[in-house]
$ cat protein_24.txt   # compact mmCIF, C-alpha atoms and all ligand atoms
# COMPACT_ATOMS: atom_id res chain seq x y z
CA MET A 186 23.68 -4.56 -2.31
CA GLY A 187 21.62 -1.91 -4.08
CA PHE A 188 17.84 -1.90 -4.20
CA ALA A 189 17.48 -3.00 -7.83
CA THR A 190 19.92 -5.89 -7.28
CA LYS A 191 18.04 -7.01 -4.18
CA ALA A 192 14.74 -6.79 -6.04
CA ILE A 193 16.05 -9.22 -8.65
CA HIS A 194 18.02 -11.60 -6.42
CA ALA A 195 16.75 -11.63 -2.81
CA GLY A 196 14.95 -14.92 -2.18
CA GLN A 197 15.43 -15.89 -5.84
CA GLU A 198 17.77 -18.88 -5.75
CA PRO A 199 17.86 -21.02 -8.92
CA ASP A 200 15.62 -24.07 -8.42
CA SER A 201 17.56 -26.80 -6.59
CA THR A 202 16.31 -29.67 -8.79
CA THR A 203 16.69 -28.20 -12.30
CA GLY A 204 18.55 -24.92 -11.96
CA ALA A 205 15.53 -23.05 -13.36
CA ILE A 206 16.52 -19.39 -13.06
CA THR A 207 12.95 -18.41 -12.20
CA THR A 208 11.31 -19.78 -9.06
CA PRO A 209 8.80 -22.43 -10.20
CA ILE A 210 5.10 -22.17 -9.40
CA TYR A 211 4.66 -24.98 -6.88
CA GLN A 212 1.01 -25.62 -7.67
CA THR A 213 0.38 -28.28 -5.06
CA SER A 214 -1.83 -28.65 -2.02
CA THR A 215 0.33 -31.15 -0.16
CA TYR A 216 3.71 -32.92 -0.10
CA ALA A 217 4.50 -36.65 0.03
CA GLN A 218 6.32 -37.47 3.26
CA ASP A 219 9.24 -39.94 3.42
CA GLY A 220 7.92 -41.73 6.49
CA LEU A 221 5.94 -40.93 9.59
CA GLY A 222 7.50 -37.80 11.04
CA HIS A 223 10.06 -37.53 8.18
CA HIS A 224 9.55 -34.90 5.49
CA LYS A 225 11.47 -32.23 3.58
CA GLY A 226 10.12 -29.34 5.68
CA PHE A 227 6.92 -29.15 3.64
CA GLU A 228 3.71 -30.71 4.96
CA TYR A 229 0.70 -28.83 3.63
CA ALA A 230 0.54 -25.86 1.26
CA ARG A 231 -1.49 -23.51 3.47
CA THR A 232 1.44 -23.79 5.91
CA GLN A 233 4.42 -23.87 3.51
CA ASN A 234 4.76 -23.19 -0.20
CA PRO A 235 8.18 -22.63 -1.84
CA THR A 236 6.86 -20.03 -4.35
CA ARG A 237 5.20 -18.00 -1.62
CA MET A 238 8.27 -18.33 0.62
CA ALA A 239 10.54 -17.00 -2.16
CA LEU A 240 8.31 -13.93 -2.53
CA GLU A 241 8.23 -13.45 1.25
CA LYS A 242 12.04 -13.44 1.42
CA ASN A 243 12.17 -10.98 -1.46
CA LEU A 244 9.72 -8.52 0.12
CA ALA A 245 11.32 -8.76 3.58
CA ALA A 246 14.65 -7.79 1.99
CA LEU A 247 13.16 -4.85 0.04
CA GLU A 248 11.56 -3.36 3.16
CA GLY A 249 14.64 -4.07 5.32
CA GLY A 250 12.52 -6.25 7.62
CA TYR A 251 13.17 -9.47 9.53
CA ALA A 252 10.56 -11.58 7.69
CA ALA A 253 7.41 -11.30 5.60
CA HIS A 254 4.17 -13.23 5.19
CA CYS A 255 2.00 -12.95 2.10
CA PHE A 256 -1.77 -12.93 1.97
CA ALA A 257 -4.66 -13.22 -0.47
CA SER A 258 -5.20 -9.43 -0.54
CA GLY A 259 -4.07 -6.20 1.05
CA MET A 260 -7.19 -6.34 3.21
CA SER A 261 -6.38 -9.81 4.56
CA ALA A 262 -2.82 -8.63 5.31
CA ILE A 263 -4.24 -5.72 7.32
CA ASP A 264 -6.85 -7.95 9.00
CA THR A 265 -4.16 -10.42 10.08
CA THR A 266 -1.99 -7.58 11.42
CA LEU A 267 -4.88 -6.38 13.58
CA LYS A 268 -5.25 -9.94 14.91
CA LEU A 269 -2.01 -9.34 16.82
CA LEU A 270 -4.31 -7.41 19.18
CA GLN A 271 -6.97 -8.50 21.66
CA ALA A 272 -10.45 -7.33 22.58
CA GLY A 273 -10.21 -4.13 24.62
CA ASP A 274 -7.13 -2.83 22.77
CA HIS A 275 -7.19 0.68 21.29
CA VAL A 276 -5.74 1.61 17.89
CA ILE A 277 -4.94 5.09 16.59
CA VAL A 278 -5.43 5.31 12.82
CA SER A 279 -4.69 7.91 10.12
CA GLU A 280 -7.99 9.70 9.59
CA ASN A 281 -7.71 9.33 5.83
CA THR A 282 -7.09 5.72 4.81
CA TYR A 283 -8.26 3.58 1.93
CA GLY A 284 -12.04 3.22 2.38
CA GLY A 285 -11.76 -0.56 2.70
CA THR A 286 -9.41 -0.20 5.68
CA TYR A 287 -11.89 2.11 7.41
CA ARG A 288 -14.71 -0.36 6.63
CA LEU A 289 -12.71 -3.30 8.04
CA PHE A 290 -11.98 -1.41 11.26
CA GLU A 291 -15.41 0.15 11.79
CA ARG A 292 -17.74 -2.53 10.51
CA VAL A 293 -15.88 -5.74 11.26
CA LEU A 294 -13.13 -5.46 13.87
CA LYS A 295 -15.06 -3.12 16.16
CA ASN A 296 -17.53 -6.00 16.67
CA PHE A 297 -14.66 -8.00 18.19
CA GLY A 298 -13.93 -5.42 20.87
CA LEU A 299 -11.19 -3.34 19.23
CA ASP A 300 -11.53 0.42 19.62
CA PHE A 301 -10.35 2.88 16.95
CA SER A 302 -9.56 6.62 17.03
CA TYR A 303 -8.94 8.47 13.76
CA VAL A 304 -6.49 11.37 13.82
CA ASP A 305 -4.53 13.58 11.44
CA THR A 306 -1.16 11.77 11.45
CA THR A 307 0.66 14.66 9.80
CA GLU A 308 1.26 15.84 13.43
CA ALA A 309 2.73 13.51 16.06
CA ALA A 310 1.02 15.66 18.71
CA ASN A 311 -2.39 14.44 17.47
CA VAL A 312 -1.33 10.85 18.04
CA GLU A 313 -0.01 11.73 21.48
CA ALA A 314 -3.30 13.43 22.39
CA ALA A 315 -5.31 10.36 21.34
CA LEU A 316 -3.29 7.86 23.43
CA THR A 317 -5.18 5.98 26.11
CA GLY A 318 -3.97 3.40 28.62
CA ASP A 319 -5.21 0.73 26.19
CA THR A 320 -3.46 2.00 23.02
CA ARG A 321 -1.50 -0.93 21.57
CA MET A 322 -1.09 0.07 17.92
CA VAL A 323 -0.77 3.11 15.68
CA PHE A 324 -1.81 2.39 12.08
CA ILE A 325 -0.60 4.89 9.48
CA GLU A 326 -1.22 5.17 5.78
CA THR A 327 1.25 7.51 4.11
CA PRO A 328 0.85 9.31 1.79
CA THR A 329 -2.87 8.97 2.44
CA ASN A 330 -5.34 7.63 -0.09
CA PRO A 331 -6.36 9.86 -1.92
CA ILE A 332 -5.40 13.22 -0.36
CA MET A 333 -1.65 12.44 -0.29
CA ALA A 334 -1.00 13.80 3.23
CA VAL A 335 2.46 12.73 4.43
CA ALA A 336 2.56 11.44 8.01
CA ASP A 337 5.15 12.55 10.54
CA LEU A 338 6.76 9.11 10.57
CA GLU A 339 9.82 10.35 12.44
CA GLY A 340 7.88 11.97 15.26
CA ILE A 341 5.33 9.17 15.56
CA GLY A 342 8.05 6.50 15.34
CA LYS A 343 9.86 8.12 18.26
CA LEU A 344 6.67 8.36 20.29
CA THR A 345 5.61 4.73 19.72
CA ARG A 346 9.15 3.47 20.47
CA GLU A 347 9.25 5.34 23.79
CA ARG A 348 5.91 3.85 24.81
CA GLY A 349 6.34 0.34 23.43
CA ILE A 350 3.35 0.68 21.08
CA ARG A 351 3.44 -1.10 17.69
CA LEU A 352 3.70 1.23 14.71
CA VAL A 353 2.19 -0.22 11.53
CA VAL A 354 2.64 1.59 8.21
CA ASP A 355 0.70 0.86 5.02
CA ASN A 356 3.40 1.58 2.41
CA THR A 357 1.29 0.67 -0.65
CA PHE A 358 1.48 4.14 -2.29
CA MET A 359 5.26 4.63 -2.22
CA SER A 360 6.57 1.05 -2.32
CA PRO A 361 9.91 0.34 -0.61
CA PHE A 362 11.68 1.90 -3.58
CA PHE A 363 10.75 5.40 -2.34
CA LEU A 364 9.95 4.87 1.35
CA ARG A 365 11.18 2.32 3.89
CA PRO A 366 9.10 2.98 7.00
CA ILE A 367 11.19 0.61 9.16
CA GLU A 368 14.07 3.11 8.85
CA TRP A 369 11.78 5.71 10.46
CA GLY A 370 10.58 3.55 13.36
CA ALA A 371 7.84 1.28 11.96
CA ASP A 372 7.55 -2.15 13.59
CA ILE A 373 5.39 -3.60 10.82
CA VAL A 374 4.91 -2.63 7.16
CA VAL A 375 1.89 -3.77 5.19
CA HIS A 376 1.14 -3.54 1.48
CA SER A 377 -1.51 -4.31 -0.99
CA THR A 378 0.85 -6.15 -3.38
CA THR A 379 -1.98 -5.70 -5.90
CA LYS A 380 -0.52 -2.24 -6.60
CA TYR A 381 3.10 -1.22 -7.33
CA LEU A 382 4.79 -4.41 -6.08
CA ASN A 383 2.97 -6.52 -8.64
CA GLY A 384 2.69 -3.55 -10.95
CA HIS A 385 0.77 -5.10 -13.85
CA SER A 386 -2.86 -5.04 -12.59
CA ASP A 387 -3.13 -8.81 -12.85
CA SER A 388 -3.18 -10.14 -9.30
CA ILE A 389 -4.58 -9.44 -5.84
CA GLY A 390 -2.36 -9.91 -2.80
CA GLY A 391 -0.95 -8.48 0.40
CA VAL A 392 2.09 -8.68 2.65
CA VAL A 393 2.95 -8.12 6.31
CA VAL A 394 6.63 -7.36 6.93
CA THR A 395 7.75 -7.80 10.54
CA THR A 396 10.88 -6.61 12.33
CA ASN A 397 11.28 -9.01 15.25
CA ALA A 398 11.10 -12.74 15.98
CA GLU A 399 8.05 -12.47 18.23
CA ASP A 400 5.77 -10.69 15.72
CA THR A 401 7.10 -12.91 12.92
CA GLU A 402 6.20 -16.05 14.83
CA ARG A 403 2.71 -14.72 15.61
CA VAL A 404 1.96 -13.49 12.06
CA GLY A 405 3.17 -16.87 10.72
CA PHE A 406 0.89 -18.63 13.19
CA LEU A 407 -2.04 -16.44 12.12
CA GLN A 408 -1.29 -16.94 8.41
CA ASN A 409 -1.61 -20.67 8.90
CA ALA A 410 -4.43 -20.56 11.45
CA VAL A 411 -6.64 -18.14 9.49
CA GLY A 412 -5.47 -19.32 6.07
CA ALA A 413 -5.87 -16.19 3.92
CA ILE A 414 -2.75 -17.06 1.89
CA ILE A 415 -1.66 -15.77 -1.50
CA SER A 416 -1.83 -18.48 -4.21
CA PRO A 417 1.41 -19.78 -5.75
CA PHE A 418 0.53 -18.24 -9.12
CA ASP A 419 -0.18 -14.81 -7.62
CA ALA A 420 3.02 -15.05 -5.55
CA TRP A 421 4.91 -15.77 -8.79
CA LEU A 422 3.30 -12.80 -10.53
CA VAL A 423 4.27 -10.45 -7.69
CA MET A 424 7.83 -11.80 -7.83
CA ARG A 425 7.97 -11.09 -11.51
CA GLY A 426 6.71 -7.61 -10.68
CA THR A 427 9.29 -6.78 -8.01
CA LYS A 428 12.14 -7.57 -10.42
CA THR A 429 11.27 -4.39 -12.33
CA LEU A 430 10.09 -2.34 -9.34
CA ALA A 431 13.07 0.03 -9.46
CA VAL A 432 12.73 0.93 -13.15
CA ARG A 433 8.95 1.16 -12.97
CA MET A 434 8.94 3.40 -9.90
CA LYS A 435 11.46 5.80 -11.50
CA GLN A 436 9.14 6.15 -14.48
CA HIS A 437 5.98 6.48 -12.33
CA ASP A 438 7.75 9.25 -10.43
CA ASP A 439 8.98 11.00 -13.55
CA ASN A 440 5.53 10.87 -15.16
CA GLY A 441 3.84 11.77 -11.85
CA ARG A 442 5.87 14.97 -11.53
CA ARG A 443 5.10 15.97 -15.12
CA VAL A 444 1.36 15.29 -14.83
CA ALA A 445 1.14 17.10 -11.46
CA ALA A 446 2.89 20.15 -12.94
CA PHE A 447 0.52 20.10 -15.94
CA LEU A 448 -2.59 19.89 -13.71
CA ASP A 449 -1.25 22.60 -11.41
CA GLU A 450 -1.12 25.02 -14.36
CA HIS A 451 -4.46 24.00 -15.84
CA PRO A 452 -7.25 26.64 -15.62
CA LYS A 453 -9.96 23.99 -15.07
CA VAL A 454 -8.16 22.46 -12.08
CA LYS A 455 -8.77 24.09 -8.68
CA LYS A 456 -6.25 22.23 -6.56
CA VAL A 457 -3.66 19.46 -6.95
CA TYR A 458 -2.65 17.04 -4.20
CA TYR A 459 0.85 15.73 -4.90
CA PRO A 460 3.73 15.74 -2.38
CA GLY A 461 6.19 16.69 -5.11
CA LEU A 462 4.64 20.13 -5.62
CA PRO A 463 6.39 22.86 -3.60
CA GLN A 464 3.06 24.14 -2.19
CA HIS A 465 2.12 20.71 -0.78
CA PRO A 466 1.91 21.23 3.02
CA GLN A 467 4.35 18.37 3.71
CA HIS A 468 6.61 18.86 0.67
CA GLU A 469 9.77 19.35 2.78
CA ARG A 470 8.96 16.33 4.92
CA ALA A 471 8.25 14.23 1.82
CA LYS A 472 11.71 15.16 0.49
CA ARG A 473 13.32 14.09 3.77
CA LEU A 474 11.44 10.81 4.29
CA MET A 475 11.11 9.63 0.72
CA THR A 476 13.43 9.40 -2.28
CA GLY A 477 10.66 10.17 -4.78
CA PHE A 478 7.02 11.24 -4.88
CA GLY A 479 5.56 8.45 -7.01
CA GLY A 480 2.66 8.41 -9.41
CA MET A 481 -0.42 9.06 -7.26
CA ILE A 482 -2.15 12.41 -7.73
CA ALA A 483 -5.57 13.76 -6.73
CA PHE A 484 -7.07 16.96 -8.10
CA GLU A 485 -10.13 19.06 -7.42
CA THR A 486 -12.37 19.94 -10.36
CA GLY A 487 -14.94 21.89 -8.28
CA SER A 488 -18.09 19.80 -8.79
CA LEU A 489 -19.49 16.36 -9.49
CA ALA A 490 -20.45 17.49 -13.00
CA ALA A 491 -16.89 18.60 -13.73
CA ALA A 492 -15.41 15.39 -12.32
CA ARG A 493 -17.89 13.33 -14.34
CA SER A 494 -16.96 15.23 -17.46
CA VAL A 495 -13.26 14.41 -16.99
CA LEU A 496 -13.93 10.77 -16.13
CA ASP A 497 -16.33 10.24 -19.03
CA ASN A 498 -14.09 11.90 -21.62
CA VAL A 499 -10.68 10.35 -21.04
CA ARG A 500 -9.72 7.82 -23.70
CA LEU A 501 -6.26 6.55 -22.75
CA CYS A 502 -6.69 6.71 -18.96
CA ALA A 503 -9.00 3.88 -17.81
CA LEU A 504 -11.81 4.69 -15.39
CA ALA A 505 -11.13 2.04 -12.76
CA GLU A 506 -10.48 1.37 -9.08
CA SER A 507 -6.97 0.33 -8.05
CA LEU A 508 -3.56 1.86 -8.76
CA GLY A 509 0.10 1.10 -9.22
CA GLY A 510 -0.09 -0.68 -12.57
CA VAL A 511 1.79 0.19 -15.73
CA GLU A 512 -1.36 1.72 -17.24
CA THR A 513 -2.84 5.04 -16.09
CA LEU A 514 -6.03 4.62 -14.04
CA ILE A 515 -8.40 7.41 -13.13
CA SER A 516 -11.11 7.24 -10.47
CA HIS A 517 -13.68 9.10 -8.39
CA PRO A 518 -12.85 8.47 -4.71
CA ALA A 519 -16.18 9.73 -3.29
CA THR A 520 -18.22 7.09 -5.13
CA MET A 521 -15.58 4.42 -5.71
CA THR A 522 -12.67 3.72 -3.33
CA HIS A 523 -14.00 5.82 -0.43
CA ALA A 524 -17.75 5.22 -0.75
CA SER A 525 -17.71 3.40 2.61
CA VAL A 526 -16.41 6.52 4.43
CA PRO A 527 -19.36 8.57 5.84
CA SER A 528 -20.07 11.68 3.76
CA GLU A 529 -19.40 14.19 6.61
CA GLN A 530 -15.99 12.61 7.16
CA ARG A 531 -15.26 12.65 3.43
CA ALA A 532 -16.15 16.34 3.32
CA ARG A 533 -13.85 17.11 6.26
CA LEU A 534 -10.95 15.28 4.61
CA GLY A 535 -11.40 17.00 1.24
CA ILE A 536 -12.77 13.90 -0.55
CA THR A 537 -15.35 16.02 -2.34
CA ASP A 538 -17.65 15.07 -5.21
CA GLY A 539 -15.33 17.04 -7.49
CA LEU A 540 -12.17 15.16 -6.52
CA VAL A 541 -10.51 12.96 -9.15
CA ARG A 542 -7.63 10.56 -8.45
CA ILE A 543 -5.05 9.42 -10.99
CA SER A 544 -2.61 6.56 -10.77
CA VAL A 545 -0.13 7.78 -13.37
CA GLY A 546 1.18 4.86 -15.40
CA ILE A 547 4.40 4.51 -17.37
CA GLU A 548 3.08 5.26 -20.84
CA ASP A 549 4.67 8.18 -22.76
CA VAL A 550 3.81 11.08 -20.50
CA GLU A 551 2.89 13.33 -23.47
CA ASP A 552 0.06 10.91 -24.29
CA ILE A 553 -1.25 10.92 -20.70
CA ILE A 554 -1.18 14.73 -20.60
CA ALA A 555 -2.87 15.06 -24.00
CA ASP A 556 -5.65 12.72 -22.86
CA LEU A 557 -6.22 14.64 -19.61
CA ASP A 558 -6.08 17.97 -21.43
CA ALA A 559 -8.70 16.86 -23.97
CA ALA A 560 -11.00 15.63 -21.17
CA LEU A 561 -10.51 18.83 -19.13
CA GLN A 562 -11.43 20.94 -22.18
CA GLN A 563 -14.90 19.34 -21.97
CA VAL A 564 -15.47 20.71 -18.42
O1 LIG B 601 -7.37 -4.40 -2.70
P1 LIG B 601 -6.44 -5.04 -1.71
O2 LIG B 601 -5.29 -5.76 -2.30
O3 LIG B 601 -7.19 -5.87 -0.69
O4 LIG B 601 -5.74 -3.84 -0.90
C1 LIG B 601 -6.42 -2.97 -0.04
C2 LIG B 601 -5.66 -1.68 0.12
C3 LIG B 601 -4.86 -1.48 1.21
N1 LIG B 601 -4.15 -0.35 1.39
C4 LIG B 601 -4.19 0.64 0.49
C5 LIG B 601 -3.39 1.88 0.72
C6 LIG B 601 -4.97 0.51 -0.66
O5 LIG B 601 -4.98 1.53 -1.55
C7 LIG B 601 -5.74 -0.67 -0.86
C8 LIG B 601 -6.61 -0.86 -2.04
N2 LIG B 601 -6.88 0.31 -2.75
C9 LIG B 601 -7.65 0.38 -3.87
C10 LIG B 601 -8.26 -0.67 -4.44
C11 LIG B 601 -7.78 1.73 -4.44
O6 LIG B 601 -8.22 1.89 -5.60
O7 LIG B 601 -7.42 2.70 -3.73
$ encode --input "protein_24.txt" --output "structure tokens" --more "lines below"
Ligand code: P1T
Amino acid sequence: MGFATKAIHAGQEPDSTTGAITTPIYQTSTYAQDGLGHHKGFEYARTQNPTRMALEKNLAALEGGYAAHCFASGMSAIDTTLKLLQAGDHVIVSENTYGGTYRLFERVLKNFGLDFSYVDTTEAANVEAALTGDTRMVFIETPTNPIMAVADLEGIGKLTRERGIRLVVDNTFMSPFFLRPIEWGADIVVHSTTKYLNGHSDSIGGVVVTTNAEDTERVGFLQNAVGAIISPFDAWLVMRGTKTLAVRMKQHDDNGRRVAAFLDEHPKVKKVYYPGLPQHPQHERAKRLMTGFGGMIAFETGSLAAARSVLDNVRLCALAESLGGVETLISHPATMTHASVPSEQRARLGITDGLVRISVGIEDVEDIIADLDAALQQV
């Protein structure tokens, strides 16, 4: 079955009572039981909810995983994944992740005895060099937010397999339409479903996709024990989103390539970070690992004043955090999404005060380009 067919049908059985073609929103907290110890497999809605379960089946199929569990946000999905570990365990992390991921690791989970090392995951050798006897997980974001570095998933997947270390990949930026990390050796895939999977900037959610019975059982246990579940309505919204994931991603990619090429030629733009450009340092790898480059682009304007000028003068592009929706969003990583990353580290990664990030939407690309061009003229 092809990807677009799976996106529309996996986990989406017509409702057994009415035949409703769309999975109903089971907005209930509990389920009446037939008698003591006799029920229909549903006891309490933190533990089981048919709308959430339909989405979970759908997302497991799209990533090629064994099972999936959905959460109230991308952050709670990542937090729950890290709860597979124990105090004393060591985790190797991509040095450039979403700022909220860095904040969760450094300012929350460190207090519970987990130890984190941040390395450049574009080279498997850097991961190898950071291994300790206590390393139990490698956590990769690829392409990275916002610099768009593409990790060596093949090399790192091989290394973690050989050593029996869990490889977790945050696949939020590419979505399973362009990248399926499990095919390259990932044991767990996480997403902020808030982004491309939902696709319409109207819900917050997350997912953990597992590849074996043991992790599935444990993540399911944690989902129920901790309780950071996605609501039935948000699950329904994400399901509606995944049905059009294939067509949306094709358009994000098409528009992304066009906008990146425009910025690359623009005299006011110093540098463009987009894996689809031939000069991107991992362009060849991106072509091998992924089937598209998507709609995320970052570009360097040279100064805070120049970045501010672009951000203040766009009219169609909305100045906003987040990404992956149908509308184009533009943001300033240094003060918005990555404000919780220390300034020296931001500087080392290239998250300068002049860096601007765009989540290219699926509007007519000529309109997006005209808007950016008009704003850049003001610099
Ligand atoms: O916002 P939430 O659904 O909790 O997802 C967190 C998250 C996890 N992983 C990646 C790669 C992300 O980009 C995010 C959230 N990112 C933004 C809000 C942003 O504007 O980059």
$ atom_distance --input "protein_24.txt" --atom1 "CA of Thr486 in chain A" --atom2 "CA of Leu364 in chain A"
29.4 Å
$ residues_around --input "protein_24.txt" --residues "range 300-316 of chain A" --least-positions-apart "3" --cutoff "10 Å" --atoms "all atoms listed in the file" --output "compact mmCIF listing (two decimals) with C-alpha atoms, in the coordinates of the input"
# COMPACT_ATOMS: atom_id res chain seq x y z
CA ALA A 272 -10.45 -7.33 22.58
CA GLY A 273 -10.21 -4.13 24.62
CA ASP A 274 -7.13 -2.83 22.77
CA HIS A 275 -7.19 0.68 21.29
CA VAL A 276 -5.74 1.61 17.89
CA ILE A 277 -4.94 5.09 16.59
CA VAL A 278 -5.43 5.31 12.82
CA SER A 279 -4.69 7.91 10.12
CA GLU A 280 -7.99 9.70 9.59
CA ASN A 281 -7.71 9.33 5.83
CA THR A 282 -7.09 5.72 4.81
CA TYR A 287 -11.89 2.11 7.41
CA PHE A 290 -11.98 -1.41 11.26
CA GLU A 291 -15.41 0.15 11.79
CA LEU A 294 -13.13 -5.46 13.87
CA LYS A 295 -15.06 -3.12 16.16
CA ASN A 296 -17.53 -6.00 16.67
CA PHE A 297 -14.66 -8.00 18.19
CA ASP A 319 -5.21 0.73 26.19
CA THR A 320 -3.46 2.00 23.02
CA ARG A 321 -1.50 -0.93 21.57
CA MET A 322 -1.09 0.07 17.92
CA VAL A 323 -0.77 3.11 15.68
CA PHE A 324 -1.81 2.39 12.08
CA ILE A 325 -0.60 4.89 9.48
CA GLU A 326 -1.22 5.17 5.78
CA THR A 327 1.25 7.51 4.11
CA PRO A 328 0.85 9.31 1.79
CA THR A 329 -2.87 8.97 2.44
CA ALA A 334 -1.00 13.80 3.23
CA VAL A 335 2.46 12.73 4.43
CA ALA A 336 2.56 11.44 8.01
CA ASP A 337 5.15 12.55 10.54
CA LEU A 338 6.76 9.11 10.57
CA GLU A 339 9.82 10.35 12.44
CA GLY A 340 7.88 11.97 15.26
CA ILE A 341 5.33 9.17 15.56
CA GLY A 342 8.05 6.50 15.34
CA LYS A 343 9.86 8.12 18.26
CA LEU A 344 6.67 8.36 20.29
CA THR A 345 5.61 4.73 19.72
CA PRO A 466 1.91 21.23 3.02
CA GLN A 467 4.35 18.37 3.71
CA ARG A 470 8.96 16.33 4.92
CA LEU A 534 -10.95 15.28 4.61
$ residues_near_ligand --input "protein_24.txt" --ligand "ligand LIG 601 (chain B)" --cutoff "6 Å" --atoms "all atoms listed in the file" --output "PyMOL selection string"
chain A and resi 258-260+283+357+377+379+389-391+506-508+522
$ write_last_selection --input "protein_24.txt" --atoms "C-alpha atoms" --output "PDB file, keeping the file's coordinate frame"
ATOM      1  CA  SER A 258      -5.200  -9.430  -0.540  1.00  0.00           C
ATOM      2  CA  GLY A 259      -4.070  -6.200   1.050  1.00  0.00           C
ATOM      3  CA  MET A 260      -7.190  -6.340   3.210  1.00  0.00           C
ATOM      4  CA  TYR A 283      -8.260   3.580   1.930  1.00  0.00           C
ATOM      5  CA  THR A 357       1.290   0.670  -0.650  1.00  0.00           C
ATOM      6  CA  SER A 377      -1.510  -4.310  -0.990  1.00  0.00           C
ATOM      7  CA  THR A 379      -1.980  -5.700  -5.900  1.00  0.00           C
ATOM      8  CA  ILE A 389      -4.580  -9.440  -5.840  1.00  0.00           C
ATOM      9  CA  GLY A 390      -2.360  -9.910  -2.800  1.00  0.00           C
ATOM     10  CA  GLY A 391      -0.950  -8.480   0.400  1.00  0.00           C
ATOM     11  CA  GLU A 506     -10.480   1.370  -9.080  1.00  0.00           C
ATOM     12  CA  SER A 507      -6.970   0.330  -8.050  1.00  0.00           C
ATOM     13  CA  LEU A 508      -3.560   1.860  -8.760  1.00  0.00           C
ATOM     14  CA  THR A 522     -12.670   3.720  -3.330  1.00  0.00           C
TER      15      THR A 522
END
$ closest_residue --input "protein_24.txt" --among "A:Ala490, A:Cys255, A:Val499, A:Met424" --to "Asn234 in chain A" --atoms "all atoms listed in the file"
A:Cys255
$ closest_residue --input "protein_24.txt" --among "A:Ala519, A:Ala446, A:Ala262, A:Ile332" --to "Leu407 in chain A" --atoms "only C-alpha atoms"
A:Ala262
$ closest_residue --input "protein_24.txt" --among "A:Ala230, A:Val511, A:Val394, A:Ala252" --to "Asn409 in chain A" --atoms "only C-alpha atoms"
A:Ala230
$ decode --input "protein_24.txt" --residues "range 497-511 of chain A" --atoms "N, CA and C atoms" --output "PDB file, in the first residue's frame"
ATOM      1  N   ASP A 497       9.537  42.621  10.728  1.00  0.00           N
ATOM      2  CA  ASP A 497       8.524  43.670  10.938  1.00  0.00           C
ATOM      3  C   ASP A 497       7.820  44.076   9.643  1.00  0.00           C
ATOM      4  N   ASN A 498       8.403  43.734   8.508  1.00  0.00           N
ATOM      5  CA  ASN A 498       7.838  44.234   7.247  1.00  0.00           C
ATOM      6  C   ASN A 498       7.124  43.198   6.395  1.00  0.00           C
ATOM      7  N   VAL A 499       7.161  41.921   6.824  1.00  0.00           N
ATOM      8  CA  VAL A 499       6.380  40.942   6.046  1.00  0.00           C
ATOM      9  C   VAL A 499       4.894  41.188   6.307  1.00  0.00           C
ATOM     10  N   ARG A 500       4.081  40.903   5.320  1.00  0.00           N
ATOM     11  CA  ARG A 500       2.641  41.108   5.456  1.00  0.00           C
ATOM     12  C   ARG A 500       1.879  39.774   5.361  1.00  0.00           C
ATOM     13  N   LEU A 501       2.270  38.942   4.416  1.00  0.00           N
ATOM     14  CA  LEU A 501       1.604  37.644   4.251  1.00  0.00           C
ATOM     15  C   LEU A 501       2.151  36.635   5.263  1.00  0.00           C
ATOM     16  N   CYS A 502       3.469  36.560   5.378  1.00  0.00           N
ATOM     17  CA  CYS A 502       4.098  35.635   6.331  1.00  0.00           C
ATOM     18  C   CYS A 502       3.786  36.135   7.741  1.00  0.00           C
ATOM     19  N   ALA A 503       3.349  35.227   8.624  1.00  0.00           N
ATOM     20  CA  ALA A 503       3.018  35.639  10.001  1.00  0.00           C
ATOM     21  C   ALA A 503       4.241  35.460  10.894  1.00  0.00           C
ATOM     22  N   LEU A 504       4.533  36.479  11.688  1.00  0.00           N
ATOM     23  CA  LEU A 504       5.612  36.384  12.674  1.00  0.00           C
ATOM     24  C   LEU A 504       5.075  35.544  13.822  1.00  0.00           C
ATOM     25  N   ALA A 505       5.577  34.314  13.931  1.00  0.00           N
ATOM     26  CA  ALA A 505       5.028  33.401  14.943  1.00  0.00           C
ATOM     27  C   ALA A 505       5.979  32.241  15.179  1.00  0.00           C
ATOM     28  N   GLU A 506       5.939  31.691  16.409  1.00  0.00           N
ATOM     29  CA  GLU A 506       6.617  30.426  16.683  1.00  0.00           C
ATOM     30  C   GLU A 506       5.827  29.338  15.973  1.00  0.00           C
ATOM     31  N   SER A 507       6.396  28.154  15.959  1.00  0.00           N
ATOM     32  CA  SER A 507       5.804  26.957  15.364  1.00  0.00           C
ATOM     33  C   SER A 507       6.087  26.868  13.861  1.00  0.00           C
ATOM     34  N   LEU A 508       5.623  25.800  13.260  1.00  0.00           N
ATOM     35  CA  LEU A 508       5.955  25.466  11.869  1.00  0.00           C
ATOM     36  C   LEU A 508       5.016  24.361  11.396  1.00  0.00           C
ATOM     37  N   GLY A 509       5.111  24.093  10.092  1.00  0.00           N
ATOM     38  CA  GLY A 509       4.434  22.910   9.563  1.00  0.00           C
ATOM     39  C   GLY A 509       2.962  23.101   9.227  1.00  0.00           C
ATOM     40  N   GLY A 510       2.449  24.315   9.362  1.00  0.00           N
ATOM     41  CA  GLY A 510       1.055  24.560   9.007  1.00  0.00           C
ATOM     42  C   GLY A 510       0.932  24.990   7.560  1.00  0.00           C
ATOM     43  N   VAL A 511      -0.295  25.101   7.085  1.00  0.00           N
ATOM     44  CA  VAL A 511      -0.523  25.478   5.688  1.00  0.00           C
ATOM     45  C   VAL A 511      -0.080  26.921   5.416  1.00  0.00           C
TER      46      VAL A 511
END
